[in-house]
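One file, entry-v3.txt, is given below (compact mmCIF, C-alpha atoms).
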```txt
# COMPACT_ATOMS: atom_id res chain seq x y z
CA MET A 1 0.00 0.00 0.00
CA ASN A 2 1.69 3.19 -1.13
CA VAL A 3 1.37 6.62 0.45
CA VAL A 4 -1.17 8.00 -2.07
CA ARG A 5 -3.48 5.01 -1.88
CA ARG A 6 -3.24 5.01 1.91
CA CYS A 7 -4.10 8.73 2.16
CA VAL A 8 -6.97 8.42 -0.32
CA LEU A 9 -8.34 5.43 1.60
CA THR A 10 -8.14 7.36 4.86
CA ALA A 11 -9.61 10.60 3.47
CA ALA A 12 -12.41 8.99 1.41
CA PRO A 13 -14.79 8.10 4.31
CA PHE A 14 -14.58 11.68 5.56
CA GLY A 15 -15.34 13.02 2.08
CA VAL A 16 -18.35 10.70 1.86
CA ALA A 17 -19.51 11.75 5.36
CA ALA A 18 -19.20 15.48 4.53
CA GLY A 19 -20.99 15.00 1.20
CA ALA A 20 -23.82 12.97 2.75
CA TYR A 21 -24.27 15.52 5.51
CA ALA A 22 -24.43 18.43 3.05
CA ALA A 23 -26.87 16.49 0.84
CA VAL A 24 -29.22 15.65 3.70
CA PHE A 25 -29.03 19.25 4.88
CA ARG A 26 -29.89 20.55 1.41
CA ALA A 27 -32.74 18.09 0.90
CA GLY A 28 -34.41 19.03 4.15
CA HIS A 29 -33.45 22.71 4.06
CA ASP A 30 -37.00 24.05 3.63
CA ARG A 31 -38.37 22.02 6.51
CA LEU A 32 -35.58 22.90 8.98
CA PRO A 33 -36.19 25.56 11.65
CA ASP A 34 -34.03 28.73 11.61
CA ARG A 35 -32.58 27.78 14.94
CA MET A 36 -31.69 24.11 15.05
CA ALA A 37 -31.27 21.74 17.98
CA THR A 38 -27.63 20.60 17.69
CA HIS A 39 -27.00 18.98 21.03
CA PHE A 40 -29.07 16.46 22.93
CA SER A 41 -28.99 15.34 26.53
CA LEU A 42 -28.98 11.68 27.55
CA ASP A 43 -32.78 11.42 27.71
CA GLY A 44 -33.01 12.51 24.06
CA THR A 45 -34.27 16.06 24.60
CA ALA A 46 -32.54 19.00 22.92
CA ASP A 47 -30.31 21.12 25.15
CA GLY A 48 -28.03 22.95 22.66
CA PHE A 49 -29.09 25.18 19.75
CA MET A 50 -27.40 26.82 16.79
CA GLY A 51 -28.36 28.89 13.73
CA ARG A 52 -29.08 26.86 10.59
CA THR A 53 -26.15 28.14 8.51
CA ALA A 54 -23.72 27.93 11.43
CA ALA A 55 -24.84 24.33 12.08
CA LEU A 56 -24.16 23.35 8.46
CA TRP A 57 -20.68 24.86 8.34
CA SER A 58 -19.57 23.73 11.77
CA GLY A 59 -20.68 20.18 10.90
CA VAL A 60 -18.74 20.17 7.63
CA GLY A 61 -15.80 21.81 9.43
CA VAL A 62 -15.65 19.11 12.09
CA ILE A 63 -15.73 16.30 9.50
CA CYS A 64 -13.06 17.92 7.32
CA GLY A 65 -10.83 18.82 10.29
CA VAL A 66 -10.84 15.32 11.75
CA GLY A 67 -10.42 13.92 8.22
CA VAL A 68 -7.29 16.03 7.62
CA LEU A 69 -5.91 14.93 11.01
CA PHE A 70 -6.33 11.23 10.19
CA THR A 71 -4.94 11.68 6.66
CA VAL A 72 -1.82 13.35 8.06
CA LEU A 73 -1.44 10.52 10.60
CA ALA A 74 -1.73 7.93 7.81
CA ALA A 75 0.84 9.78 5.72
CA VAL A 76 3.26 10.05 8.66
CA ALA A 77 3.06 6.29 9.37
CA MET A 78 5.85 5.05 7.13
CA LYS A 79 4.99 1.37 7.13
CA GLY A 80 1.87 -0.69 6.55
CA ALA A 81 0.45 -1.95 9.85
CA GLY A 82 0.25 1.45 11.56
CA ALA A 83 -1.25 3.17 8.51
CA ARG A 84 -3.78 0.36 8.24
CA LEU A 85 -4.88 0.89 11.83
CA THR A 86 -5.08 4.66 11.28
CA ALA A 87 -7.18 4.18 8.14
CA ALA A 88 -9.56 1.76 9.90
CA VAL A 89 -10.01 3.93 13.00
CA GLY A 90 -10.40 6.97 10.72
CA ALA A 91 -13.17 5.31 8.70
CA GLY A 92 -15.00 4.36 11.89
CA THR A 93 -14.65 7.92 13.18
CA ALA A 94 -15.95 9.36 9.88
CA VAL A 95 -19.03 7.16 10.08
CA LEU A 96 -19.54 8.06 13.73
CA ILE A 97 -19.37 11.82 13.17
CA GLY A 98 -21.29 11.68 9.89
CA TYR A 99 -24.05 9.56 11.37
CA ALA A 100 -24.42 11.75 14.45
CA LEU A 101 -24.62 14.94 12.36
CA ILE A 102 -27.10 13.49 9.86
CA ALA A 103 -29.23 12.12 12.70
CA THR A 104 -29.30 15.64 14.16
CA VAL A 105 -30.57 17.09 10.89
CA VAL A 106 -33.20 14.35 10.59
CA ALA A 107 -34.34 14.99 14.18
CA ASP A 108 -34.73 18.68 13.35
CA THR A 109 -36.61 18.14 10.10
CA GLY A 110 -40.27 19.11 10.27
CA VAL A 111 -40.27 20.54 13.82
CA ASP A 112 -41.49 24.10 14.38
CA ASP A 113 -39.83 24.66 17.73
CA PRO A 114 -36.27 23.24 17.95
CA ALA A 115 -36.87 22.47 21.63
CA ASP A 116 -39.35 19.79 20.44
CA ALA A 117 -36.65 17.91 18.50
CA ARG A 118 -35.96 14.43 19.92
CA LEU A 119 -33.01 12.12 19.40
CA PRO A 120 -33.26 8.75 21.19
CA LEU A 121 -29.61 8.24 22.07
CA TRP A 122 -29.54 4.62 23.17
CA HIS A 123 -31.08 3.57 19.86
CA LEU A 124 -28.39 5.50 18.05
CA ALA A 125 -25.62 4.02 20.19
CA VAL A 126 -26.59 0.41 19.39
CA LEU A 127 -26.67 1.20 15.67
CA LEU A 128 -23.33 2.99 15.81
CA VAL A 129 -21.55 0.06 17.43
CA PHE A 130 -22.42 -2.18 14.45
CA VAL A 131 -22.01 0.38 11.67
CA VAL A 132 -18.73 1.78 13.06
CA ALA A 133 -17.28 -1.68 13.70
CA ALA A 134 -18.31 -2.89 10.22
CA THR A 135 -16.78 0.13 8.48
CA GLY A 136 -13.57 -0.16 10.50
CA ALA A 137 -13.29 -3.87 9.67
CA LEU A 138 -13.96 -3.21 5.97
CA VAL A 139 -11.23 -0.56 5.69
CA TRP A 140 -8.89 -2.76 7.76
CA TRP A 141 -9.42 -5.48 5.17
CA LEU A 142 -9.04 -3.06 2.22
CA ALA A 143 -5.81 -1.65 3.65
CA ARG A 144 -4.21 -5.06 4.12
CA THR A 145 -0.50 -5.36 3.50
CA GLY A 146 1.73 -8.14 2.30
CA PRO A 147 3.35 -10.65 4.68
CA ARG A 148 5.98 -9.32 7.00
CA PRO A 149 9.55 -9.94 5.75
CA ALA A 150 11.42 -12.77 7.45
CA PRO A 151 14.31 -11.74 9.74
CA ALA A 152 17.56 -11.37 7.81
CA SER A 153 19.96 -12.99 10.25
CA ALA A 154 19.69 -15.90 12.67
CA PRO A 155 18.51 -14.74 16.11
CA PRO A 156 21.21 -14.56 18.79
CA SER A 157 21.43 -17.31 21.39
CA LEU A 158 23.33 -17.49 24.66
CA PRO A 159 24.29 -21.10 25.50
CA LEU A 160 23.64 -21.90 29.16
CA ALA A 161 25.37 -24.52 31.27
CA GLU A 162 23.32 -27.18 33.03
CA GLY A 163 21.95 -25.80 36.28
CA GLU A 164 23.11 -22.29 35.46
CA MET A 165 20.68 -19.57 36.53
CA ALA A 166 20.55 -16.41 34.47
CA ALA A 167 18.46 -13.26 34.44
CA TRP A 168 18.47 -10.06 32.40
CA THR A 169 16.74 -6.92 33.53
CA ARG A 170 16.55 -3.32 32.44
CA THR A 171 14.36 -0.31 33.12
CA VAL A 172 12.77 1.89 30.46
CA VAL A 173 12.01 5.38 31.72
CA THR A 174 9.99 7.59 29.38
CA ARG A 175 10.31 11.16 30.60
CA ALA A 176 8.34 12.32 27.55
CA LEU A 177 5.38 10.45 29.04
CA LEU A 178 6.03 11.06 32.73
CA ILE A 179 5.84 14.85 32.51
CA PRO A 180 2.63 15.14 30.41
CA ALA A 181 0.98 12.40 32.51
CA GLY A 182 1.80 14.34 35.67
CA ALA A 183 0.63 17.61 34.12
CA VAL A 184 -2.68 16.09 32.98
CA ALA A 185 -3.25 14.52 36.42
CA LEU A 186 -2.52 17.86 38.13
CA ALA A 187 -4.78 19.77 35.74
CA GLY A 188 -7.50 17.20 36.42
CA LEU A 189 -7.02 17.57 40.16
CA GLY A 190 -7.29 21.35 39.86
CA THR A 191 -10.46 21.02 37.79
CA LEU A 192 -11.82 18.51 40.28
CA LEU A 193 -11.33 20.99 43.12
CA PHE A 194 -12.40 24.22 41.44
CA GLY A 195 -14.37 23.17 38.36
CA PRO A 196 -16.87 20.62 37.11
CA TRP A 197 -16.01 17.15 38.40
CA GLN A 198 -17.23 15.57 35.15
CA VAL A 199 -14.22 17.16 33.44
CA GLY A 200 -11.72 16.71 36.27
CA LEU A 201 -12.29 13.01 36.94
CA PRO A 202 -11.49 11.73 33.41
CA LEU A 203 -8.35 13.91 33.37
CA VAL A 204 -7.13 12.47 36.69
CA ALA A 205 -7.94 8.95 35.46
CA LEU A 206 -6.07 9.55 32.18
CA GLY A 207 -3.01 10.92 33.97
CA LEU A 208 -2.95 8.04 36.45
CA ALA A 209 -3.46 5.47 33.67
CA CYS A 210 -0.41 6.77 31.79
CA ALA A 211 1.86 7.02 34.84
CA PRO A 212 2.55 3.26 35.35
CA ILE A 213 4.04 2.76 31.87
CA ALA A 214 6.28 5.83 32.13
CA ALA A 215 8.79 3.71 34.09
CA VAL A 216 8.80 -0.03 33.42
CA ARG A 217 11.20 -2.86 34.20
CA VAL A 218 11.71 -5.56 31.57
CA THR A 219 12.92 -8.88 32.98
CA VAL A 220 13.96 -12.07 31.21
CA ASP A 221 14.52 -15.09 33.46
CA ARG A 222 13.63 -18.76 34.01
CA ARG A 223 9.95 -17.79 34.10
CA GLY A 224 9.97 -16.05 30.71
CA LEU A 225 9.43 -12.40 29.85
CA THR A 226 7.93 -10.05 32.44
CA VAL A 227 7.23 -6.35 32.07
CA THR A 228 6.09 -4.49 35.17
CA SER A 229 5.79 -0.90 36.19
CA THR A 230 8.48 0.15 38.65
CA LEU A 231 5.85 2.14 40.56
CA VAL A 232 3.01 -0.37 41.04
CA PRO A 233 2.92 -4.19 40.83
CA ARG A 234 -0.03 -4.16 38.42
CA PRO A 235 -0.64 -4.03 35.50
CA ARG A 236 2.02 -6.43 34.31
CA LEU A 237 2.72 -8.24 31.08
CA HIS A 238 3.97 -11.80 31.42
CA VAL A 239 4.82 -14.30 28.69
CA PRO A 240 5.70 -17.66 30.27
CA LEU A 241 8.81 -19.49 29.03
CA ASP A 242 6.64 -22.50 28.13
CA GLY A 243 4.77 -20.49 25.54
CA ILE A 244 7.78 -18.89 23.86
CA THR A 245 9.26 -20.26 20.65
CA ASP A 246 11.97 -17.66 20.03
CA ALA A 247 13.02 -14.07 20.58
CA ASP A 248 14.87 -11.47 18.56
CA SER A 249 15.99 -7.88 18.68
CA THR A 250 14.24 -5.72 16.11
CA ARG A 251 13.99 -2.07 15.21
CA ILE A 252 10.48 -0.71 15.21
CA ASP A 253 8.83 2.48 14.13
CA ALA A 254 6.08 3.43 16.60
CA MET A 255 3.76 5.12 14.07
CA GLY A 256 4.52 2.78 11.16
CA ASP A 257 4.43 -0.56 12.94
CA PHE A 258 1.89 0.11 15.66
CA GLY A 259 0.09 3.31 14.67
CA GLY A 260 1.16 5.09 17.83
CA TRP A 261 2.55 4.74 21.33
CA GLY A 262 1.46 2.88 24.47
CA TYR A 263 0.18 -0.69 24.79
CA ARG A 264 -0.79 -1.48 21.21
CA ILE A 265 -2.91 -4.41 20.12
CA LEU A 266 -2.84 -5.58 16.50
CA PRO A 267 -3.77 -8.99 15.09
CA HIS A 268 -0.93 -11.42 16.00
CA ARG A 269 1.14 -8.57 17.39
CA ARG A 270 1.04 -6.77 20.70
CA GLY A 271 3.51 -4.27 21.94
CA LEU A 272 4.44 -1.93 24.71
CA VAL A 273 5.71 0.84 22.46
CA LEU A 274 7.29 3.72 24.34
CA ARG A 275 9.53 4.99 21.53
CA SER A 276 10.83 4.03 18.10
CA GLY A 277 14.07 2.04 17.86
CA GLU A 278 15.49 -1.09 19.45
CA ALA A 279 12.91 -3.53 20.75
CA LEU A 280 12.70 -7.05 22.10
CA SER A 281 10.37 -9.20 20.03
CA VAL A 282 9.10 -12.47 21.49
CA ARG A 283 7.18 -15.03 19.47
CA THR A 284 4.78 -17.41 21.20
CA VAL A 285 3.71 -20.91 20.23
CA LYS A 286 0.29 -19.47 19.36
CA GLY A 287 1.99 -17.39 16.67
CA ARG A 288 1.63 -14.07 18.41
CA ASP A 289 4.41 -11.51 18.70
CA TYR A 290 5.03 -9.50 21.84
CA VAL A 291 7.18 -6.43 21.34
CA VAL A 292 8.72 -4.25 24.05
CA THR A 293 10.88 -1.25 23.25
CA VAL A 294 14.01 -1.59 25.35
CA ASP A 295 17.76 -0.98 24.94
CA ASP A 296 20.21 -3.91 24.82
CA ALA A 297 17.42 -6.11 23.44
CA THR A 298 20.00 -8.33 21.72
CA THR A 299 21.29 -9.61 25.08
CA ALA A 300 17.72 -10.16 26.29
CA ALA A 301 16.79 -12.06 23.11
CA ALA A 302 19.97 -14.18 23.31
CA LEU A 303 19.27 -15.13 26.93
CA LEU A 304 15.63 -15.92 26.18
CA ASN A 305 16.64 -18.13 23.23
CA GLY A 306 19.21 -19.88 25.46
CA LEU A 307 16.61 -20.44 28.19
CA VAL A 308 14.05 -21.73 25.68
CA ALA A 309 16.59 -24.11 24.08
CA ARG A 310 17.57 -25.53 27.48
CA HIS A 311 13.92 -25.79 28.57
CA VAL A 312 13.00 -27.68 25.40
CA GLY A 313 16.04 -29.94 25.83
CA GLU A 314 15.13 -30.71 29.44
CA ARG A 315 11.54 -31.43 28.54
CA ALA A 316 12.63 -33.79 25.76
CA ALA A 317 14.99 -35.61 28.16
CA GLY A 318 12.22 -35.86 30.75
CA CYS A 319 9.76 -37.56 28.40
CA MET B 1 22.09 -6.06 33.06
CA LEU B 2 22.81 -9.75 32.67
CA ILE B 3 23.26 -11.82 35.85
CA ARG B 4 24.46 -15.42 35.51
CA VAL B 5 25.18 -17.73 38.43
CA LEU B 6 26.28 -21.35 38.61
CA PRO B 7 25.12 -23.02 41.84
CA GLY B 8 27.77 -25.78 41.61
CA SER B 9 30.69 -23.36 41.47
CA PRO B 10 33.17 -23.02 44.41
CA VAL B 11 32.58 -19.23 44.24
CA PRO B 12 29.69 -18.30 46.58
CA LEU B 13 26.45 -17.25 44.81
CA GLY B 14 26.50 -13.80 46.40
CA GLU B 15 30.00 -13.20 45.03
CA GLN B 16 28.89 -14.38 41.58
CA ILE B 17 25.99 -11.92 41.62
CA ALA B 18 28.32 -9.14 42.77
CA ALA B 19 30.75 -9.99 39.94
CA CYS B 20 27.96 -9.71 37.33
CA VAL B 21 26.74 -6.34 38.62
CA ARG B 22 30.36 -5.13 38.87
CA GLY B 23 30.86 -6.14 35.25
CA ALA B 24 27.73 -4.21 34.26
CA ILE B 25 29.02 -1.08 36.06
CA ALA B 26 32.45 -1.56 34.46
CA ASP B 27 31.14 -1.80 30.88
CA GLY B 28 28.62 1.01 31.41
CA SER B 29 25.44 -1.06 30.98
CA ALA B 30 24.59 -0.02 34.56
CA ALA B 31 25.08 3.76 34.48
CA PRO B 32 25.94 5.94 37.52
CA GLY B 33 22.74 6.79 39.42
CA GLU B 34 20.86 3.82 37.94
CA ARG B 35 18.74 1.82 40.33
CA LEU B 36 19.61 -1.86 40.57
CA PRO B 37 16.76 -4.37 40.46
CA PRO B 38 15.33 -4.95 43.95
CA ALA B 39 17.03 -7.88 45.74
CA ARG B 40 13.67 -9.63 46.08
CA GLN B 41 13.16 -9.57 42.30
CA VAL B 42 16.68 -10.81 41.55
CA ALA B 43 16.22 -13.63 44.08
CA ALA B 44 12.94 -14.68 42.43
CA SER B 45 14.48 -14.51 38.95
CA LEU B 46 17.50 -16.65 39.87
CA ASN B 47 15.63 -18.88 42.31
CA VAL B 48 18.04 -18.05 45.16
CA ASN B 49 17.57 -16.67 48.66
CA VAL B 50 17.04 -12.91 49.10
CA HIS B 51 19.88 -12.83 51.64
CA THR B 52 22.24 -14.27 49.03
CA VAL B 53 21.47 -11.34 46.72
CA LEU B 54 21.75 -8.87 49.59
CA ARG B 55 25.19 -10.33 50.47
CA GLY B 56 26.26 -9.62 46.89
CA TYR B 57 24.89 -6.06 47.07
CA GLN B 58 26.62 -5.49 50.42
CA ARG B 59 29.90 -6.62 48.89
CA LEU B 60 29.45 -3.99 46.13
CA ARG B 61 28.62 -1.34 48.73
CA ASP B 62 31.81 -2.24 50.66
CA GLU B 63 33.73 -1.76 47.41
CA GLY B 64 32.14 1.70 47.04
CA LEU B 65 30.41 0.83 43.75
CA ILE B 66 26.80 1.10 44.91
CA GLU B 67 24.85 2.81 47.67
CA LEU B 68 22.25 0.97 49.72
CA ARG B 69 19.54 3.17 51.16
CA ARG B 70 16.52 2.15 53.11
CA GLY B 71 13.42 2.59 50.98
CA ARG B 72 15.36 3.59 47.87
CA GLY B 73 17.06 0.29 47.21
CA ALA B 74 20.47 -0.11 45.59
CA VAL B 75 21.77 2.68 43.36
CA VAL B 76 25.01 2.78 41.35
CA THR B 77 27.33 5.39 42.93
CA THR B 78 27.36 8.67 41.04
CA ALA B 79 30.99 9.47 41.96
CA PRO B 80 33.13 10.24 38.88
CA GLY B 81 35.20 7.40 37.50
CA ILE B 82 32.95 4.70 38.91
CA ALA B 83 33.31 2.51 35.80
CA HIS B 84 37.13 2.69 36.15
CA ARG B 85 36.82 1.77 39.79
CA ALA B 86 34.60 -1.20 38.93
CA ARG B 87 37.14 -2.38 36.35
CA LEU B 88 39.96 -2.06 38.90
CA THR B 89 37.99 -3.99 41.54
CA ASP B 90 37.22 -6.62 38.92
CA ALA B 91 40.94 -6.91 38.16
CA VAL B 92 41.71 -7.33 41.87
CA HIS B 93 39.23 -10.20 42.08
CA GLY B 94 40.86 -11.74 39.02
CA LEU B 95 44.26 -11.36 40.67
CA VAL B 96 43.08 -13.07 43.84
CA ALA B 97 41.54 -15.93 41.86
CA GLN B 98 44.77 -16.38 39.90
CA ALA B 99 46.82 -16.41 43.13
CA ARG B 100 44.51 -19.06 44.61
CA GLU B 101 44.89 -21.20 41.51
CA LEU B 102 48.66 -21.04 41.88
CA GLY B 103 48.34 -21.95 45.56
CA LEU B 104 49.68 -18.62 46.84
CA SER B 105 48.69 -17.63 50.37
CA GLY B 106 47.11 -14.25 51.11
CA GLU B 107 50.36 -13.01 52.66
CA GLU B 108 52.37 -14.03 49.64
CA LEU B 109 50.00 -12.21 47.26
CA LEU B 110 50.03 -9.09 49.46
CA ALA B 111 53.82 -9.18 49.47
CA LEU B 112 53.79 -9.31 45.66
CA VAL B 113 51.38 -6.36 45.49
CA ARG B 114 53.46 -4.40 48.02
CA ASP B 115 56.60 -5.02 45.97
CA GLY B 116 54.71 -3.89 42.88
CA LEU B 117 53.61 -0.70 44.64
CA ALA B 118 57.15 -0.01 45.84
CA GLY B 119 58.45 -0.24 42.27
CA ALA B 120 55.70 1.94 40.76
CA PRO B 121 56.00 5.75 40.60
CA ALA B 122 54.25 7.51 43.50
CA ALA B 123 50.57 8.35 42.95
CA THR B 124 49.76 12.02 42.42
CA ALA B 125 46.53 13.98 42.67
CA GLU B 126 46.84 14.69 38.92
CA GLY B 127 46.97 10.97 38.22
CA SER B 128 43.55 10.32 39.75
CA GLY B 129 42.27 13.55 38.15
CA SER B 130 43.08 12.33 34.66
CA ALA B 131 41.17 9.13 35.33
CA ASP B 132 38.13 11.27 36.18
CA GLU B 133 38.56 13.24 32.98
CA ALA B 134 38.68 10.04 30.96
CA GLU B 135 35.43 8.93 32.56
CA LYS B 136 33.69 12.09 31.46
```
Mind turning the file's structure into structure tokens?
Amino acid sequence: MNVVRRCVLTAAPFGVAAGAYAAVFRAGHDRLPDRMATHFSLDGTADGFMGRTAALWSGVGVICGVGVLFTVLAAVAMKGAGARLTAAVGAGTAVLIGYALIATVVADTGVDDPADARLPLWHLAVLLVFVVAATGALVWWLARTGPRPAPASAPPSLPLAEGEMAAWTRTVVTRALLIPAGAVALAGLGTLLFGPWQVGLPLVALGLACAPIAAVRVTVDRRGLTVTSTLVPRPRLHVPLDGITDADSTRIDAMGDFGGWGYRILPHRRGLVLRSGEALSVRTVKGRDYVVTVDDATTAAALLNGLVARHVGERAAGC
Amino acid sequence: MLIRVLPGSPVPLGEQIAACVRGAIADGSAAPGERLPPARQVAASLNVNVHTVLRGYQRLRDEGLIELRRGRGAVVTTAPGIAHRARLTDAVHGLVAQARELGLSGEELLALVRDGLAGAPAATAEGSGSADEAEK
């Protein structure tokens, strides 16, 4: 999938959403009130209003703005998997925004007083889950890439003596994450104290959720691969030695390979991606890859391969 | 940091752990100010007793390579030239092992070292200063 095709695929759903919105608006223009209901509370009654022309342009503006954002993200992702994820999430987002805006216009059509407009939200939510998921899956399938290239060189292996115990451990501290996470948590706390708690609470939760992965310890030992936060014992990522076939040191690109940073889940590939660059890649017997960005990954991979080889040998001798 | 121990070896496990950490400080893979893995975690990883790991850490503290602080754990000393110091300490351990292999007593080895010191030019403040510069 080249850059142009990828960008077109990402931008297209937003173009369709903007076009559909404008068309529905135009078709119902004569039956729309001058002041439209544009925001609805949870019980489906209107609680936000906007002029008709302003509603049209702000709707188109939101779709185009988010569309440009996703297209830029897809263009920035240099490799396939990340761009694919961006395109799929983008398509789902386009449908979500487009559907919500069109539903608003439909709810407003034919009412004399915009306060009478109704939008049953739970009904909409159920529909969105299916439509958004289906669109995302479709674009995911359309944006598929070829098979991943096989590793060029044989993975490193550290031969271990019988009875020898070995462990490798290293911390990954991401200051680029620690500082924003702290700032967001503090801002949330301030809002919680002096502002609306509905805004403050999610901010505090977001800040606290990011904090544990700002400093993690990666350990390779007789039990397999373990990644824990240095601050709290949970959450932790553990891949038991039994389930590992082999390990290798790879170079990854956060945007291109995983479509971003953090704990990333892709089909057959999961990763704790805190930066681009050297990473430890562990393959399991189920065919899934676990990737952790960490320095000196070659040593870790060599030790893991040595441990796996000895474990397999011991199991064979035991049978 | 890679830690390898062989339970059957005549060298005590704690000393083997200390040697691995010393090596990591010497080659820079454990940087000054870096926190060492908690003794409890190392013990679980290697399937040895926590006290064995702590004995190794205490050995490194006695050598001035790490600092042990209550609640903060073990931290590589931030003093300048710590990697050089780790290499030197490593060499001393190698020297002792070699002497043992040859069947030399402690006194005999010390006598050799003393003779070596007597023959070497006297240490100067500048000498240690240049080592610090090299570290930077």
Next item on the list: Tell me, in Å to one decimal, how far CA of Arg35 (chain A) is from CA of Tyr99 (chain A).
Entry: 20.4 Å
Item checked: Check: which chain A residues lie within 10 Å of chain B using all atoms listed in the file, as a PyMOL selection string -> chain A and resi 160-171+217+219-224+230+295-296+299-300+303
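Comparing B:Pro10, B:Ala26, B:Pro38, B:Thr89 by their smallest distance to Asp62 (chain B), the closest is B:Thr89 (using all atoms listed in the file).
In this structure, CA of Val126 (chain A) sits 29.7 Å away from CA of Cys210 (chain A).
Ranking A:Gly306, A:Pro114, A:Gly65, A:Gly200 by their shortest atom-to-atom distance to Arg52 (chain A), with all atoms listed in the file included, puts A:Pro114 first.
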So which residues touch region 109-125 of chain B within 9 Å, counting only C-alpha atoms, skipping near sequence neighbours fewer than 5 positions away, as a short mmCIF file (atom, residue, chain, number, x, y, z; two decimals) with C-alpha atoms, in the coordinates of the input?
```cif
data_model
loop_
_atom_site.label_atom_id
_atom_site.label_comp_id
_atom_site.auth_asym_id
_atom_site.auth_seq_id
_atom_site.Cartn_x
_atom_site.Cartn_y
_atom_site.Cartn_z
CA LEU B 95 44.26 -11.36 40.67
CA VAL B 96 43.08 -13.07 43.84
CA ALA B 99 46.82 -16.41 43.13
CA LEU B 104 49.68 -18.62 46.84
CA SER B 130 43.08 12.33 34.66
#
```
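The spacing separating CA of Val105 (chain A) from CA of Phe25 (chain A) amounts to 6.6 Å.
Neighbourhood of point (32.8, -12.5, 44.0): residues with an atom at most 10 Å away, counting only C-alpha atoms, are Val11, Pro12, Leu13, Gly14, Glu15, Gln16, Ile17, Ala18, Ala19, Cys20, Arg22, Gly56, Arg59, Leu60, Asp90, His93, Gly94 and Ala97 of chain B.
Using all atoms listed in the file, the smallest distance between any of A:Val4, A:Ala247, A:Ala103, A:Leu177 and Ala75 (chain A) comes from A:Val4.
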Note to self: What's around region 254-256 of chain A at 12 Å? Count all atoms listed in the file, leave out sequence neighbours fewer than 3 positions away in its own chain, and write the answer as a VMD selection string.
What the structure shows: chain A and resid 3 72 to 86 251 259 to 264 271 to 279 291 to 293
With all atoms of region 276-290 of chain A from the file as input, state the centre and edge lengths in Å to one decimal of the axis-aligned box that has 8 Å extra on each side, as AutoDock Vina command-line options.
```
--center_x 7.9 --center_y -8.4 --center_z 19.4 --size_x 31.2 --size_y 40.9 --size_z 21.4
```
Next item on the list: For Val106 (chain A), please output as an MDAnalysis selection string all residues within 10 Å (counting only C-alpha atoms; exclusion window: fewer than 4 positions along the same chain).
Entry: chainID A and resid 24:25 28 32 100:102 110:111 117:119
Margin query: Could you list, as a list in words, every residue within 12 Å of Val204 (chain A), counting only C-alpha atoms and ignoring same-chain residues fewer than 6 positions away?
Written below: Pro180, Ala181, Gly182, Ala183, Val184, Ala185, Leu186, Ala187, Gly188, Leu189, Gly190, Thr191, Leu192, Leu193, Trp197, Gln198, Cys210 and Ala211 of chain A
So which residues touch Ser41 (chain A) within 12 Å, counting all atoms listed in the file, skipping near sequence neighbours fewer than 3 positions away, as an mmCIF file with C-alpha atoms, in the frame of the given file?
```cif
data_model
loop_
_atom_site.group_PDB
_atom_site.id
_atom_site.type_symbol
_atom_site.label_atom_id
_atom_site.label_comp_id
_atom_site.auth_asym_id
_atom_site.auth_seq_id
_atom_site.Cartn_x
_atom_site.Cartn_y
_atom_site.Cartn_z
ATOM 1 C CA ALA A 37 -31.270 21.740 17.980
ATOM 2 C CA THR A 38 -27.630 20.600 17.690
ATOM 3 C CA GLY A 44 -33.010 12.510 24.060
ATOM 4 C CA THR A 45 -34.270 16.060 24.600
ATOM 5 C CA ALA A 46 -32.540 19.000 22.920
ATOM 6 C CA ASP A 47 -30.310 21.120 25.150
ATOM 7 C CA GLY A 48 -28.030 22.950 22.660
ATOM 8 C CA PHE A 49 -29.090 25.180 19.750
ATOM 9 C CA ALA A 115 -36.870 22.470 21.630
ATOM 10 C CA ALA A 117 -36.650 17.910 18.500
ATOM 11 C CA ARG A 118 -35.960 14.430 19.920
ATOM 12 C CA LEU A 119 -33.010 12.120 19.400
ATOM 13 C CA PRO A 120 -33.260 8.750 21.190
ATOM 14 C CA LEU A 121 -29.610 8.240 22.070
ATOM 15 C CA TRP A 122 -29.540 4.620 23.170
#
```
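With only C-alpha atoms as the basis for measurement, B:Glu63 is the residue among B:Ala24, B:Val76, B:Glu63, B:Arg70 that approaches Val92 (chain B) most closely.
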